[in-house]
file run35.cif (mmCIF, C-alpha atoms)
data_start
#
loop_
_atom_site.group_PDB
_atom_site.id
_atom_site.type_symbol
_atom_site.label_atom_id
_atom_site.label_comp_id
_atom_site.auth_asym_id
_atom_site.auth_seq_id
_atom_site.Cartn_x
_atom_site.Cartn_y
_atom_site.Cartn_z
ATOM 1 C CA MET G 8 122.930 110.159 76.979
ATOM 2 C CA PRO G 9 124.670 106.937 78.018
ATOM 3 C CA ALA G 10 123.577 103.714 76.367
ATOM 4 C CA PRO G 11 121.012 101.962 78.551
ATOM 5 C CA ASP G 12 123.281 99.057 79.448
ATOM 6 C CA THR G 13 126.530 100.855 80.182
ATOM 7 C CA ASN G 14 126.191 101.197 83.938
ATOM 8 C CA PRO G 15 128.717 98.598 85.150
ATOM 9 C CA ASP G 16 127.127 98.131 88.557
ATOM 10 C CA VAL G 17 123.694 97.458 87.130
ATOM 11 C CA SER G 18 124.975 95.288 84.292
ATOM 12 C CA ALA G 19 126.643 93.140 86.928
ATOM 13 C CA LEU G 20 123.366 92.819 88.780
ATOM 14 C CA ALA G 21 121.489 91.964 85.622
ATOM 15 C CA ALA G 22 123.970 89.220 84.810
ATOM 16 C CA ALA G 23 123.976 87.707 88.288
ATOM 17 C CA PRO G 24 120.588 86.232 89.190
ATOM 18 C CA GLY G 25 122.079 84.917 92.429
ATOM 19 C CA LEU G 26 122.107 88.451 93.753
ATOM 20 C CA GLU G 27 118.317 88.679 93.617
ATOM 21 C CA GLU G 28 118.010 88.248 97.398
ATOM 22 C CA TRP G 29 119.416 91.726 97.961
ATOM 23 C CA HIS G 30 115.918 93.129 97.827
ATOM 24 C CA LEU G 31 115.087 91.609 101.216
ATOM 25 C CA ASP G 32 117.378 94.246 102.702
ATOM 26 C CA LEU G 33 114.887 96.902 101.574
ATOM 27 C CA HIS G 34 112.940 95.826 104.660
ATOM 28 C CA ALA G 35 116.011 96.193 106.905
ATOM 29 C CA GLN G 36 117.305 99.220 108.769
ATOM 30 C CA GLY G 37 120.401 101.399 108.613
ATOM 31 C CA ALA G 38 123.317 100.762 106.280
ATOM 32 C CA ARG G 39 121.944 97.482 104.893
ATOM 33 C CA ARG G 40 118.787 99.221 103.775
ATOM 34 C CA ASP G 41 120.696 102.196 102.391
ATOM 35 C CA GLU G 42 122.797 99.855 100.277
ATOM 36 C CA ALA G 43 119.721 98.007 99.046
ATOM 37 C CA VAL G 44 117.985 101.280 98.150
ATOM 38 C CA ALA G 45 121.059 102.304 96.168
ATOM 39 C CA HIS G 46 120.934 98.980 94.274
ATOM 40 C CA LEU G 47 117.239 99.494 93.649
ATOM 41 C CA HIS G 48 117.765 102.984 92.295
ATOM 42 C CA ALA G 49 120.526 101.786 89.966
ATOM 43 C CA ILE G 50 118.246 99.100 88.554
ATOM 44 C CA LEU G 51 115.387 101.553 88.112
ATOM 45 C CA LEU G 52 117.690 104.037 86.408
ATOM 46 C CA ARG G 53 118.793 101.345 83.991
ATOM 47 C CA ALA G 54 115.181 100.639 83.064
ATOM 48 C CA ALA G 55 114.258 104.326 82.855
ATOM 49 C CA ARG G 56 117.224 105.084 80.574
ATOM 50 C CA PHE G 57 116.300 102.089 78.449
ATOM 51 C CA GLU G 58 112.759 103.397 78.003
ATOM 52 C CA VAL G 59 113.730 107.013 77.356
ATOM 53 C CA PHE G 60 116.309 105.803 74.826
ATOM 54 C CA ARG G 61 113.671 103.693 73.047
ATOM 55 C CA ARG G 62 111.237 106.593 72.849
ATOM 56 C CA ARG G 63 113.742 109.377 72.163
ATOM 57 C CA GLY G 64 112.380 109.749 68.631
ATOM 58 C CA SER G 65 109.312 111.445 70.069
ATOM 59 C CA LEU G 66 111.530 114.013 71.819
ATOM 60 C CA PRO G 67 113.843 115.259 69.060
ATOM 61 C CA HIS G 68 114.138 118.693 70.659
ATOM 62 C CA LEU G 69 115.675 117.384 73.906
ATOM 63 C CA SER G 70 119.433 117.182 74.392
ATOM 64 C CA ALA G 71 121.175 114.098 75.715
ATOM 65 C CA VAL G 72 121.487 115.790 79.094
ATOM 66 C CA GLU G 73 117.770 116.604 79.177
ATOM 67 C CA LEU G 74 116.880 113.049 78.200
ATOM 68 C CA ASP G 75 119.029 111.718 81.003
ATOM 69 C CA GLU G 76 117.419 114.134 83.452
ATOM 70 C CA LEU G 77 114.063 112.741 82.383
ATOM 71 C CA ALA G 78 115.309 109.222 83.076
ATOM 72 C CA GLN G 79 116.709 110.298 86.455
ATOM 73 C CA ASP G 80 113.357 111.842 87.405
ATOM 74 C CA ALA G 81 111.556 108.673 86.329
ATOM 75 C CA ALA G 82 113.928 106.507 88.376
ATOM 76 C CA ASP G 83 113.444 108.729 91.429
ATOM 77 C CA ASP G 84 109.647 108.539 91.158
ATOM 78 C CA ALA G 85 109.764 104.805 90.505
ATOM 79 C CA ALA G 86 111.891 104.289 93.616
ATOM 80 C CA VAL G 87 109.266 106.022 95.713
ATOM 81 C CA SER G 88 106.546 103.818 94.188
ATOM 82 C CA VAL G 89 108.506 100.603 94.649
ATOM 83 C CA LEU G 90 109.352 101.354 98.276
ATOM 84 C CA ARG G 91 105.751 102.299 99.005
ATOM 85 C CA ARG G 92 104.424 99.115 97.420
ATOM 86 C CA LEU G 93 107.005 96.588 98.618
ATOM 87 C CA GLY G 94 104.224 94.676 100.345
ATOM 88 C CA ASP G 95 102.575 94.039 96.969
ATOM 89 C CA PHE G 96 105.503 91.936 95.764
ATOM 90 C CA ARG G 97 104.390 88.303 95.934
ATOM 91 C CA GLY G 98 107.331 86.665 94.222
ATOM 92 C CA GLU G 99 105.306 85.776 91.120
ATOM 93 C CA SER G 100 108.191 87.153 89.057
ATOM 94 C CA SER G 101 111.746 88.060 89.925
ATOM 95 C CA PHE G 102 112.020 91.177 92.035
ATOM 96 C CA ARG G 103 114.062 92.825 89.312
ATOM 97 C CA THR G 104 111.297 92.327 86.740
ATOM 98 C CA TRP G 105 108.716 93.578 89.210
ATOM 99 C CA ALA G 106 110.780 96.705 89.911
ATOM 100 C CA TYR G 107 111.541 97.322 86.239
ATOM 101 C CA LYS G 108 107.884 97.798 85.381
ATOM 102 C CA PHE G 109 107.611 100.758 87.758
ATOM 103 C CA ALA G 110 110.521 102.519 86.074
ATOM 104 C CA LEU G 111 109.225 101.753 82.592
ATOM 105 C CA LEU G 112 105.825 103.153 83.547
ATOM 106 C CA GLU G 113 107.251 106.343 85.023
ATOM 107 C CA ALA G 114 109.609 106.866 82.088
ATOM 108 C CA SER G 115 107.025 106.184 79.396
ATOM 109 C CA VAL G 116 104.480 108.496 80.985
ATOM 110 C CA LYS G 117 107.072 111.275 81.296
ATOM 111 C CA VAL G 118 108.135 110.830 77.677
ATOM 112 C CA ARG G 119 104.543 110.954 76.408
ATOM 113 C CA ARG G 120 103.689 114.000 78.474
ATOM 114 C CA ARG G 121 106.880 115.820 77.497
ATOM 115 C CA ALA G 122 106.281 115.050 73.824
ATOM 116 C CA TRP G 123 102.795 116.530 74.058
ATOM 117 C CA ARG G 124 103.612 119.345 76.472
ATOM 118 C CA ASP G 125 103.386 122.130 73.922
ATOM 119 C CA ARG G 126 100.784 120.497 71.696
ATOM 120 C CA GLU G 127 97.185 121.502 71.797
ATOM 121 C CA VAL G 128 94.776 118.707 72.616
ATOM 122 C CA THR G 129 91.463 119.326 70.939
ATOM 123 C CA LEU G 130 88.725 118.065 73.186
ATOM 124 C CA GLU G 131 85.856 119.321 71.064
ATOM 125 C CA PRO G 132 83.445 116.475 70.314
ATOM 126 C CA GLU G 133 82.816 117.843 66.831
ATOM 127 C CA HIS G 134 86.216 116.588 65.808
ATOM 128 C CA TRP G 135 84.901 113.078 65.435
ATOM 129 C CA GLU G 136 83.809 114.196 61.974
ATOM 130 C CA SER G 137 87.390 113.359 60.991
ATOM 131 C CA LEU G 138 86.164 109.770 60.995
ATOM 132 C CA ALA G 139 85.075 110.513 57.453
ATOM 133 C CA HIS G 140 88.715 110.021 56.498
ATOM 134 C CA ALA G 141 88.820 106.588 58.103
ATOM 135 C CA GLY G 142 86.040 105.114 56.070
ATOM 136 C CA PRO G 143 85.813 103.214 52.853
ATOM 137 C CA GLY G 144 87.028 104.664 49.613
ATOM 138 C CA PRO G 145 85.078 105.026 46.400
ATOM 139 C CA ASP G 146 85.778 101.443 45.431
ATOM 140 C CA ASP G 147 84.412 99.934 48.647
ATOM 141 C CA ASP G 148 81.021 98.302 48.780
ATOM 142 C CA VAL G 149 77.755 99.731 49.986
ATOM 143 C CA GLU G 150 77.842 97.617 53.150
ATOM 144 C CA SER G 151 81.121 99.191 54.228
ATOM 145 C CA GLY G 152 79.604 102.607 53.784
ATOM 146 C CA GLU G 153 76.607 101.578 55.870
ATOM 147 C CA LEU G 154 78.905 100.265 58.595
ATOM 148 C CA LEU G 155 80.805 103.529 58.674
ATOM 149 C CA GLU G 156 77.548 105.468 58.878
ATOM 150 C CA ALA G 157 76.382 103.247 61.753
ATOM 151 C CA VAL G 158 79.632 103.976 63.608
ATOM 152 C CA ARG G 159 79.286 107.699 62.971
ATOM 153 C CA ASP G 160 75.681 107.620 64.132
ATOM 154 C CA GLY G 161 76.707 105.681 67.231
ATOM 155 C CA ILE G 162 79.344 108.240 68.129
ATOM 156 C CA ARG G 163 76.757 110.974 67.621
ATOM 157 C CA THR G 164 73.850 109.435 69.515
ATOM 158 C CA ALA G 165 74.848 106.455 71.676
ATOM 159 C CA LEU G 166 77.663 107.906 73.761
ATOM 160 C CA THR G 167 77.703 110.283 76.685
ATOM 161 C CA PRO G 168 79.599 113.538 76.078
ATOM 162 C CA ARG G 169 82.469 112.245 78.240
ATOM 163 C CA GLN G 170 82.617 108.939 76.367
ATOM 164 C CA ARG G 171 82.579 110.782 73.031
ATOM 165 C CA GLN G 172 85.305 113.138 74.194
ATOM 166 C CA VAL G 173 87.616 110.345 75.348
ATOM 167 C CA LEU G 174 86.978 108.051 72.379
ATOM 168 C CA VAL G 175 87.542 110.793 69.832
ATOM 169 C CA ALA G 176 90.678 112.130 71.521
ATOM 170 C CA ALA G 177 92.272 108.736 72.201
ATOM 171 C CA VAL G 178 91.389 106.990 68.944
ATOM 172 C CA LEU G 179 90.829 109.629 66.278
ATOM 173 C CA GLU G 180 93.159 112.348 67.557
ATOM 174 C CA GLY G 181 95.798 109.879 68.762
ATOM 175 C CA VAL G 182 96.249 111.571 72.125
ATOM 176 C CA PRO G 183 98.110 109.218 74.521
ATOM 177 C CA ILE G 184 95.887 108.224 77.398
ATOM 178 C CA ASP G 185 98.351 109.593 79.981
ATOM 179 C CA VAL G 186 98.323 112.978 78.257
ATOM 180 C CA LEU G 187 94.551 112.911 78.131
ATOM 181 C CA ALA G 188 94.404 111.998 81.814
ATOM 182 C CA GLU G 189 96.627 114.948 82.675
ATOM 183 C CA ARG G 190 94.500 117.389 80.641
ATOM 184 C CA LEU G 191 91.240 116.031 82.089
ATOM 185 C CA ASP G 192 92.554 115.819 85.667
ATOM 186 C CA SER G 193 91.982 112.080 85.724
ATOM 187 C CA ASN G 194 94.140 108.954 85.565
ATOM 188 C CA ARG G 195 94.900 106.254 83.029
ATOM 189 C CA ASN G 196 92.745 103.561 84.599
ATOM 190 C CA ALA G 197 89.685 105.764 84.964
ATOM 191 C CA LEU G 198 89.941 107.041 81.407
ATOM 192 C CA TYR G 199 90.454 103.569 80.014
ATOM 193 C CA LYS G 200 87.236 102.495 81.709
ATOM 194 C CA VAL G 201 85.462 105.395 79.997
ATOM 195 C CA LEU G 202 86.993 104.292 76.695
ATOM 196 C CA HIS G 203 86.019 100.663 77.316
ATOM 197 C CA ASP G 204 82.419 101.617 78.089
ATOM 198 C CA ALA G 205 82.281 103.868 75.023
ATOM 199 C CA ARG G 206 83.446 101.024 72.801
ATOM 200 C CA ARG G 207 80.893 98.666 74.333
ATOM 201 C CA ARG G 208 78.047 101.123 73.708
ATOM 202 C CA LEU G 209 79.265 101.791 70.190
ATOM 203 C CA ARG G 210 79.456 98.063 69.366
ATOM 204 C CA ALA G 211 75.931 97.552 70.687
ATOM 205 C CA HIS G 212 74.651 100.436 68.574
ATOM 206 C CA VAL G 213 76.377 99.198 65.432
ATOM 207 C CA ALA G 214 75.227 95.620 66.050
ATOM 208 C CA ALA G 215 71.622 96.816 66.395
ATOM 209 C CA ALA G 216 72.021 98.724 63.135
ATOM 210 C CA GLY G 217 72.561 95.475 61.261
ATOM 211 C CA PHE G 218 76.146 94.496 61.980
ATOM 212 C CA PRO G 219 75.886 91.941 64.805
ATOM 213 C CA GLU G 220 79.366 90.584 64.049
ATOM 214 C CA VAL G 221 80.991 93.629 65.654
ATOM 215 C CA ASP G 222 79.697 92.542 69.072
ATOM 216 C CA GLU G 223 80.560 88.850 68.851
ATOM 217 C CA MET Q 8 84.879 90.837 65.919
ATOM 218 C CA THR Q 9 84.992 88.090 63.312
ATOM 219 C CA GLY Q 10 84.151 87.665 59.679
ATOM 220 C CA ARG Q 11 85.127 91.129 58.455
ATOM 221 C CA ASP Q 12 88.374 92.959 57.803
ATOM 222 C CA LEU Q 13 87.723 96.288 59.426
ATOM 223 C CA ASP Q 14 89.629 99.455 58.770
ATOM 224 C CA PRO Q 15 92.203 99.756 61.610
ATOM 225 C CA THR Q 16 90.630 103.003 62.827
ATOM 226 C CA LEU Q 17 87.219 101.356 63.009
ATOM 227 C CA GLN Q 18 88.797 98.457 64.885
ATOM 228 C CA ARG Q 19 90.257 100.860 67.436
ATOM 229 C CA LEU Q 20 86.937 102.667 67.764
ATOM 230 C CA LEU Q 21 84.889 99.518 68.267
ATOM 231 C CA GLY Q 22 87.398 97.525 70.323
ATOM 232 C CA SER Q 23 86.764 93.906 71.133
ATOM 233 C CA SER Q 24 83.985 92.197 73.034
ATOM 234 C CA GLU Q 25 86.561 89.812 74.506
ATOM 235 C CA PRO Q 26 86.876 90.140 78.295
ATOM 236 C CA GLU Q 27 89.906 92.179 79.278
ATOM 237 C CA LEU Q 28 91.764 93.483 82.308
ATOM 238 C CA ASP Q 29 91.834 97.192 83.086
ATOM 239 C CA CYS Q 30 95.075 99.212 83.200
ATOM 240 C CA ASP Q 31 95.703 98.699 86.923
ATOM 241 C CA GLU Q 32 95.112 94.958 86.675
ATOM 242 C CA CYS Q 33 97.371 94.817 83.628
ATOM 243 C CA PHE Q 34 100.156 96.599 85.510
ATOM 244 C CA ALA Q 35 99.770 94.260 88.476
ATOM 245 C CA GLN Q 36 100.203 91.189 86.264
ATOM 246 C CA LEU Q 37 102.632 92.513 83.661
ATOM 247 C CA ASP Q 38 105.871 91.239 85.240
ATOM 248 C CA ARG Q 39 104.488 87.735 85.682
ATOM 249 C CA TYR Q 40 102.992 87.715 82.190
ATOM 250 C CA VAL Q 41 106.231 88.752 80.468
ATOM 251 C CA GLU Q 42 108.321 86.229 82.379
ATOM 252 C CA LEU Q 43 105.852 83.505 81.375
ATOM 253 C CA GLU Q 44 106.040 84.643 77.756
ATOM 254 C CA LEU Q 45 109.827 84.580 77.748
ATOM 255 C CA ALA Q 46 109.825 81.153 79.369
ATOM 256 C CA GLY Q 47 107.626 79.852 76.553
ATOM 257 C CA ALA Q 48 104.759 79.185 78.971
ATOM 258 C CA PRO Q 49 101.109 79.757 78.003
ATOM 259 C CA ALA Q 50 100.954 83.269 79.442
ATOM 260 C CA ASP Q 51 97.433 83.918 78.145
ATOM 261 C CA GLU Q 52 96.110 80.869 79.984
ATOM 262 C CA HIS Q 53 97.754 81.973 83.224
ATOM 263 C CA VAL Q 54 96.731 85.620 82.897
ATOM 264 C CA PRO Q 55 93.477 85.726 80.913
ATOM 265 C CA GLY Q 56 92.377 89.114 79.652
ATOM 266 C CA LEU Q 57 95.793 90.737 79.599
ATOM 267 C CA ARG Q 58 96.425 90.180 75.878
ATOM 268 C CA ALA Q 59 93.015 91.643 75.034
ATOM 269 C CA HIS Q 60 93.858 94.708 77.109
ATOM 270 C CA LEU Q 61 97.150 95.211 75.282
ATOM 271 C CA VAL Q 62 95.243 95.236 71.982
ATOM 272 C CA GLY Q 63 92.926 97.965 73.266
ATOM 273 C CA CYS Q 64 95.407 100.082 75.237
ATOM 274 C CA PRO Q 65 98.422 101.452 73.317
ATOM 275 C CA ALA Q 66 100.105 102.788 76.478
ATOM 276 C CA CYS Q 67 100.062 99.464 78.306
ATOM 277 C CA ALA Q 68 101.106 97.743 75.077
ATOM 278 C CA GLU Q 69 104.189 99.968 74.832
ATOM 279 C CA GLU Q 70 105.164 99.157 78.399
ATOM 280 C CA HIS Q 71 104.672 95.456 77.748
ATOM 281 C CA GLU Q 72 106.966 95.688 74.717
ATOM 282 C CA SER Q 73 109.567 97.597 76.711
ATOM 283 C CA LEU Q 74 109.605 95.197 79.649
ATOM 284 C CA ARG Q 75 109.952 92.259 77.319
ATOM 285 C CA ALA Q 76 112.760 93.959 75.387
ATOM 286 C CA LEU Q 77 114.609 94.929 78.570
ATOM 287 C CA LEU Q 78 114.473 91.392 79.955
ATOM 288 C CA GLU Q 79 115.684 90.043 76.625
ATOM 289 C CA LEU Q 80 118.573 92.491 76.780
ATOM 290 C CA ASP Q 81 119.392 91.351 80.316
ATOM 291 C CA SER Q 82 119.399 87.712 79.300
ATOM 292 C CA ALA Q 83 121.773 88.494 76.446
ATOM 293 C CA THR Q 84 124.369 90.191 78.669
#

call {"tool": "encode", "arguments": {"input": "run35.cif", "output": "structure tokens"}}
result
Amino acid sequence: MPAPDTNPDVSALAAAPGLEEWHLDLHAQGARRDEAVAHLHAILLRAARFEVFRRRGSLPHLSAVELDELAQDAADDAAVSVLRRLGDFRGESSFRTWAYKFALLEASVKVRRRAWRDREVTLEPEHWESLAHAGPGPDDDVESGELLEAVRDGIRTALTPRQRQVLVAAVLEGVPIDVLAERLDSNRNALYKVLHDARRRLRAHVAAAGFPEVDE
Amino acid sequence: MTGRDLDPTLQRLLGSSEPELDCDECFAQLDRYVELELAGAPADEHVPGLRAHLVGCPACAEEHESLRALLELDSAT
């Protein structure tokens, strides 16, 4: 896989802030737009390769060619997103930075999903019992043990089944939220809201059990 | 939470009571936030709630780190 900054065309763009106005041609027609779209894709590919390269440790079984194909797919999908959402760009950052984040998102999601593609995701709520391994050791004080028990009780009694499922998978099982979203036919934002609500309920339960500092 | 050094797993389970953006709001503000950070501006004052979200959301935190690193690479070339 090429190093992320070896594309001469894109490196030239990155080093020449004066060329930022090219993106206005994305709103044009014909050859001017085609040229601007090609610039956009090159920039997105740079970002996607950068991200795949950074995360390649989670994909040790993929060849350099396969990694680059992943980056190409991410750049293609990011280009579609950027062109669809051009009207959202308000100039609060440079266009290049704004476009980069789409490619980084697409690439990081693809890397996470590929890394977990053949891994089983256990969505059984009973697995939260593994929290026993996250608690205090034999030398910790009684209060720490009581806090852990309050958390365990909160997971058991204060959460909805969906909240318990998402909290356990995302936090205790370490399942990336994008992978979880794919398995649960949902999306990152919706699942994060479930996670956020679960944490809020759990804090309230633990605070009521005698640990008000967790909800301050 | 204050006043107690929680086990990291317990911290991730309980999260923070600090107001935070959701993932979509974080994505919408991420480019502006990172440019402010790199400019040495008070990014957290300009975009309140984004830092708290990054603490609670590992996926968004990774993308924040990557965007920052990519812009730093650009500025070095």

call {"tool": "resolve_selection", "arguments": {"input": "run35.cif", "expression": "the PyMOL selection byres ((chain Q) within 7 of (chain G))", "output": "list in words"}}
result
Met8, Thr9, Thr16, Arg19, Leu20, Leu21, Gly22, Ser24, Asp29, Cys30, Asp31, Asp38, Arg39, Glu42, Ala66, Glu70, Ser73, Leu74, Asp81 and Thr84 of chain Q

call {"tool": "write_last_selection", "arguments": {"input": "run35.cif", "atoms": "C-alpha atoms", "output": "PDB file, keeping the file's coordinate frame"}}
result
ATOM      1  CA  MET Q   8      84.879  90.837  65.919  1.00  0.00           C
ATOM      2  CA  THR Q   9      84.992  88.090  63.312  1.00  0.00           C
ATOM      3  CA  THR Q  16      90.630 103.003  62.827  1.00  0.00           C
ATOM      4  CA  ARG Q  19      90.257 100.860  67.436  1.00  0.00           C
ATOM      5  CA  LEU Q  20      86.937 102.667  67.764  1.00  0.00           C
ATOM      6  CA  LEU Q  21      84.889  99.518  68.267  1.00  0.00           C
ATOM      7  CA  GLY Q  22      87.398  97.525  70.323  1.00  0.00           C
ATOM      8  CA  SER Q  24      83.985  92.197  73.034  1.00  0.00           C
ATOM      9  CA  ASP Q  29      91.834  97.192  83.086  1.00  0.00           C
ATOM     10  CA  CYS Q  30      95.075  99.212  83.200  1.00  0.00           C
ATOM     11  CA  ASP Q  31      95.703  98.699  86.923  1.00  0.00           C
ATOM     12  CA  ASP Q  38     105.871  91.239  85.240  1.00  0.00           C
ATOM     13  CA  ARG Q  39     104.488  87.735  85.682  1.00  0.00           C
ATOM     14  CA  GLU Q  42     108.321  86.229  82.379  1.00  0.00           C
ATOM     15  CA  ALA Q  66     100.105 102.788  76.478  1.00  0.00           C
ATOM     16  CA  GLU Q  70     105.164  99.157  78.399  1.00  0.00           C
ATOM     17  CA  SER Q  73     109.567  97.597  76.711  1.00  0.00           C
ATOM     18  CA  LEU Q  74     109.605  95.197  79.649  1.00  0.00           C
ATOM     19  CA  ASP Q  81     119.392  91.351  80.316  1.00  0.00           C
ATOM     20  CA  THR Q  84     124.369  90.191  78.669  1.00  0.00           C
TER      21      THR Q  84
END

call {"tool": "residues_around", "arguments": {"input": "run35.cif", "residues": "G:Ala157", "least_positions_apart": "2", "cutoff": "9 Å", "atoms": "only C-alpha atoms", "output": "list in words"}}
result
Gly152, Glu153, Leu154, Leu155, Arg159, Asp160, Gly161, Ile162, His212, Val213, Ala214, Ala216, Gly217 and Phe218 of chain G

call {"tool": "atom_distance", "arguments": {"input": "run35.cif", "atom1": "atom CA of Q:His60", "atom2": "atom CA of Q:Glu27"}}
result
5.2 Å

call {"tool": "closest_residue", "arguments": {"input": "run35.cif", "among": "Q:Arg75, Q:Glu25, Q:Gln36, Q:Glu69", "to": "Q:His53", "atoms": "only C-alpha atoms"}}
result
Q:Gln36

call {"tool": "atom_distance", "arguments": {"input": "run35.cif", "atom1": "atom CA of G:Val87", "atom2": "atom CA of G:Ile50"}}
result
13.4 Å

call {"tool": "resolve_selection", "arguments": {"input": "run35.cif", "expression": "the PyMOL selection byres ((chain G and resi 65-81) around 6)", "output": "PyMOL selection string"}}
result
chain G and resi 8+55-56+62-64+82-85+113-114+122

call {"tool": "atom_distance", "arguments": {"input": "run35.cif", "atom1": "atom CA of Q:Val54", "atom2": "atom CA of Q:Tyr40"}}
result
6.6 Å

call {"tool": "axis_aligned_box", "arguments": {"input": "run35.cif", "around": "stretch 151-160 of chain G", "padding_each_side": "3 Å", "output": "AutoDock Vina command-line options"}}
result
--center_x 78.4 --center_y 103.4 --center_z 59.0 --size_x 11.4 --size_y 14.5 --size_z 16.3

call {"tool": "closest_residue", "arguments": {"input": "run35.cif", "among": "G:Arg163, G:Arg190, G:Arg169, G:Arg91", "to": "G:Thr129", "atoms": "only C-alpha atoms"}}
result
G:Arg190
